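Down below is the structure, laid out as structure tokens.
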Amino acid sequence: RSFDGGRATLETGPWQINGFWARPVANDIEDFDDTSNDTQSLWGVYATRKLADLLPHADAGLDLYYLGFLDDASVFVQNVGDPIREIRHTLDTRFFGTSPLGPGTLDWDLEAFYQFGRFGSGDINAWSLASSVGYTFDTAYRPRLGLKANVVSGDDDPDDPELESFNPLFPKGKYFGELTPVGPYNLINLQALATVQPTDRWSITLQGGPFWRESADDGVYDIPGNIVREPGGSDARFIGWQWDAIAEAKLTRELSLLLSYSQFIPGDFIADTGPDEAINFAAVELLLRF
């Protein structure tokens with residue numbers, strides 16, 4: 001996403017601290033006419049500390065940050081068709097890094113979130129845990145095995161004014177893979193992956209895993225936060241499986257290529273609440289940077 005705003009940076013010792021305020025850009029159809037979205041604002045303080053003095057054998061760091069978010073037209077399952085004002089505050093800590101271990105390198109990215117604020121007349125009380133751990137073997141083809149696990153809170157009662165649904169704010173489009181019909185709202189998911197690099201230019205990845213609803217009283221959302229399925233009519237938590245096969249190549253300094261095939265196989269909750277055909281997705285992407 002593009003934003004209009006400002007940022008100030010302070011570097012002191014092992015810390016880098018950024019403070020910012022911004023509005024997301026609302027994309028219009030014509031050229032050079034995009035304007036700031038006047039219904040949403042984002043602000044915060046983001047601090048990063050390198051941990052070379054504490055973990056001398058690892059390239060590791062610690063993030064601590066606060067984000068504030070305002071949306072004058074927010075929609076979740078409990079207020080479908082009736083957008084209301086959301087003021088949400090996010091506190092987060094993230095521990096990340098890489099370290100030599102045995103015949104290879106261990107990498108990790110562990111993050112915990114807590115959110116509070118106001119949603120219309122009710123309070124917000126939401127949370128999320130995210131993790132990604134992998135191991136790369138220092139051998140031919142540099143194989144990497146990885147596992148990602150995420151838990152994202154959902155609302156526990158759509159009939160009261162309180163909101164327990166986590167808001168990831170502005171998640172990237174390819175959140176869980178090349179095909180991503182399910183967004184990081186009211187979710188539990190696991191994703192295993194394996195990557196090899198047959199040449200210096202090419203990498204091939206196979207990845208996949210299941211998705212469940214964290215709360216049976218909340219629905220399923222897509223990446224931007226639109227409601228895909230409301231919870232009524234099913235107590236099932238299982239949303240489905242997704243897997244991806246991805247080949248990427250750095251053809252030149254400026255040009256890269258991506259080939260992918262993905263499939264989403266719906267689970268019990270999708271079958272209980274509407275159409276449940278599998279989704280198949282194939283893509284060829286060329287990216288030119290200049």
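We label chains A, B, ... in the order they appear in the structure tokens, count residues from 1 in each chain, and number ligands from 1 in the order shown.
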So that I can check the surroundings of A:Phe116, please list as a PyMOL selection string every protein, DNA and RNA residue that reaches within 7 Å of it, counting only C-alpha atoms and ignoring chain neighbours fewer than 5 positions away.
chain A and resi 88-90+124-126
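Residues lying within 7 Å of A:Thr48, counting only C-alpha atoms and ignoring same-chain neighbours fewer than 3 positions away, are Trp15, Gln16, Ile17, Gly61, Leu62, Asp63 and Leu64 of chain A.
Neighbours of A:Ile239 closer than or equal to 7 Å, with only C-alpha atoms counted and sequence neighbours fewer than 4 positions away skipped, come out as A:Phe211, A:Trp212, A:Arg213, A:Pro266, A:Gly267, A:Asp268, A:Phe269, A:Ile270.
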Can those selected residues be exported to a file as a PDB file, in the first residue's frame so that it contains N, CA, C and O atoms?
ATOM      1  N   PHE A 211      -6.321 -24.599   7.522  1.00  0.00           N
ATOM      2  CA  PHE A 211      -6.842 -23.386   8.159  1.00  0.00           C
ATOM      3  C   PHE A 211      -8.079 -23.752   8.977  1.00  0.00           C
ATOM      4  O   PHE A 211      -8.935 -24.517   8.516  1.00  0.00           O
ATOM      5  N   TRP A 212      -8.187 -23.166  10.171  1.00  0.00           N
ATOM      6  CA  TRP A 212      -9.374 -23.300  11.013  1.00  0.00           C
ATOM      7  C   TRP A 212      -9.831 -21.918  11.483  1.00  0.00           C
ATOM      8  O   TRP A 212      -9.041 -20.975  11.549  1.00  0.00           O
ATOM      9  N   ARG A 213     -11.091 -21.796  11.857  1.00  0.00           N
ATOM     10  CA  ARG A 213     -11.554 -20.583  12.549  1.00  0.00           C
ATOM     11  C   ARG A 213     -11.112 -20.649  14.010  1.00  0.00           C
ATOM     12  O   ARG A 213     -11.265 -21.683  14.664  1.00  0.00           O
ATOM     13  N   PRO A 266     -11.731 -26.543  -0.067  1.00  0.00           N
ATOM     14  CA  PRO A 266     -12.605 -26.108   1.025  1.00  0.00           C
ATOM     15  C   PRO A 266     -12.852 -27.205   2.050  1.00  0.00           C
ATOM     16  O   PRO A 266     -12.903 -28.397   1.724  1.00  0.00           O
ATOM     17  N   GLY A 267     -13.033 -26.770   3.324  1.00  0.00           N
ATOM     18  CA  GLY A 267     -13.328 -27.677   4.418  1.00  0.00           C
ATOM     19  C   GLY A 267     -14.788 -27.629   4.821  1.00  0.00           C
ATOM     20  O   GLY A 267     -15.649 -27.077   4.115  1.00  0.00           O
ATOM     21  N   ASP A 268     -15.078 -28.166   6.005  1.00  0.00           N
ATOM     22  CA  ASP A 268     -16.460 -28.334   6.456  1.00  0.00           C
ATOM     23  C   ASP A 268     -17.209 -27.018   6.583  1.00  0.00           C
ATOM     24  O   ASP A 268     -18.388 -26.925   6.209  1.00  0.00           O
ATOM     25  N   PHE A 269     -16.556 -25.983   7.120  1.00  0.00           N
ATOM     26  CA  PHE A 269     -17.268 -24.716   7.316  1.00  0.00           C
ATOM     27  C   PHE A 269     -17.689 -24.109   5.985  1.00  0.00           C
ATOM     28  O   PHE A 269     -18.810 -23.608   5.846  1.00  0.00           O
ATOM     29  N   ILE A 270     -16.825 -24.139   4.984  1.00  0.00           N
ATOM     30  CA  ILE A 270     -17.165 -23.593   3.671  1.00  0.00           C
ATOM     31  C   ILE A 270     -18.290 -24.415   3.045  1.00  0.00           C
ATOM     32  O   ILE A 270     -19.240 -23.867   2.466  1.00  0.00           O
TER      33      ILE A 270
END
Step one, run DSSP on the backbone; step two, keep only residues of stretch 74-257 of chain A assigned to strand (DSSP E); then write them as a ChimeraX atom specification.
/A:74,84-101,104-119,122-137,144-152,187-196,202-212,220-221,227-229,238-250,255-257
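For A:Val220, the set of protein, DNA and RNA residues having any atom at most 7 Å away, when counting only C-alpha atoms and skipping those fewer than 6 positions along the same chain, is A:Val182, A:Asn186, A:Ile227, A:Val228, A:Arg229, A:Glu230.
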So that I can check the secondary structure, give me every residue of stretch 225-274 of chain A assigned alpha helix (DSSP H) by backbone DSSP, as a list in words.
Asp268, Phe269, Ile270, Ala271, Asp272 and Thr273 of chain A
Requested write-out: N, CA and C atoms of the selected residues, as a tab-separated table (two decimals), in the first residue's frame:
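Written out: selection17.tsv:
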chain	number	residue	atom	x	y	z
A	268	ASP	N	-15.08	-28.17	6.00
A	268	ASP	CA	-16.46	-28.33	6.46
A	268	ASP	C	-17.21	-27.02	6.58
A	269	PHE	N	-16.56	-25.98	7.12
A	269	PHE	CA	-17.27	-24.72	7.32
A	269	PHE	C	-17.69	-24.11	5.98
A	270	ILE	N	-16.82	-24.14	4.98
A	270	ILE	CA	-17.17	-23.59	3.67
A	270	ILE	C	-18.29	-24.42	3.04
A	271	ALA	N	-18.20	-25.76	3.17
A	271	ALA	CA	-19.24	-26.61	2.60
A	271	ALA	C	-20.60	-26.37	3.26
A	272	ASP	N	-20.60	-26.05	4.55
A	272	ASP	CA	-21.85	-25.85	5.29
A	272	ASP	C	-22.52	-24.51	4.99
A	273	THR	N	-21.77	-23.55	4.48
A	273	THR	CA	-22.28	-22.17	4.41
A	273	THR	C	-22.39	-21.61	3.00
Give me the residues near stretch 80-85 of chain A as a PyMOL selection string, where near means some atom within 10 Å (using only C-alpha atoms) and where sequence neighbours in that chain fewer than 3 positions away do not count.
chain A and resi 39-40+70-77+88+118-121+226-227+230
So, counting only C-alpha atoms, which residue among A:Ser260, A:Gln78, A:Thr12, A:Gln197 is closest to A:Leu179?
A:Ser260
Among A:Leu258, A:Ala245, A:Ala60, A:Leu147, A:Arg201 is approached most closely, using only C-alpha atoms, by A:Leu258
Atom pair atom CA of A:Asn280 / atom CA of A:Glu248: separation (Å)
19.3 Å
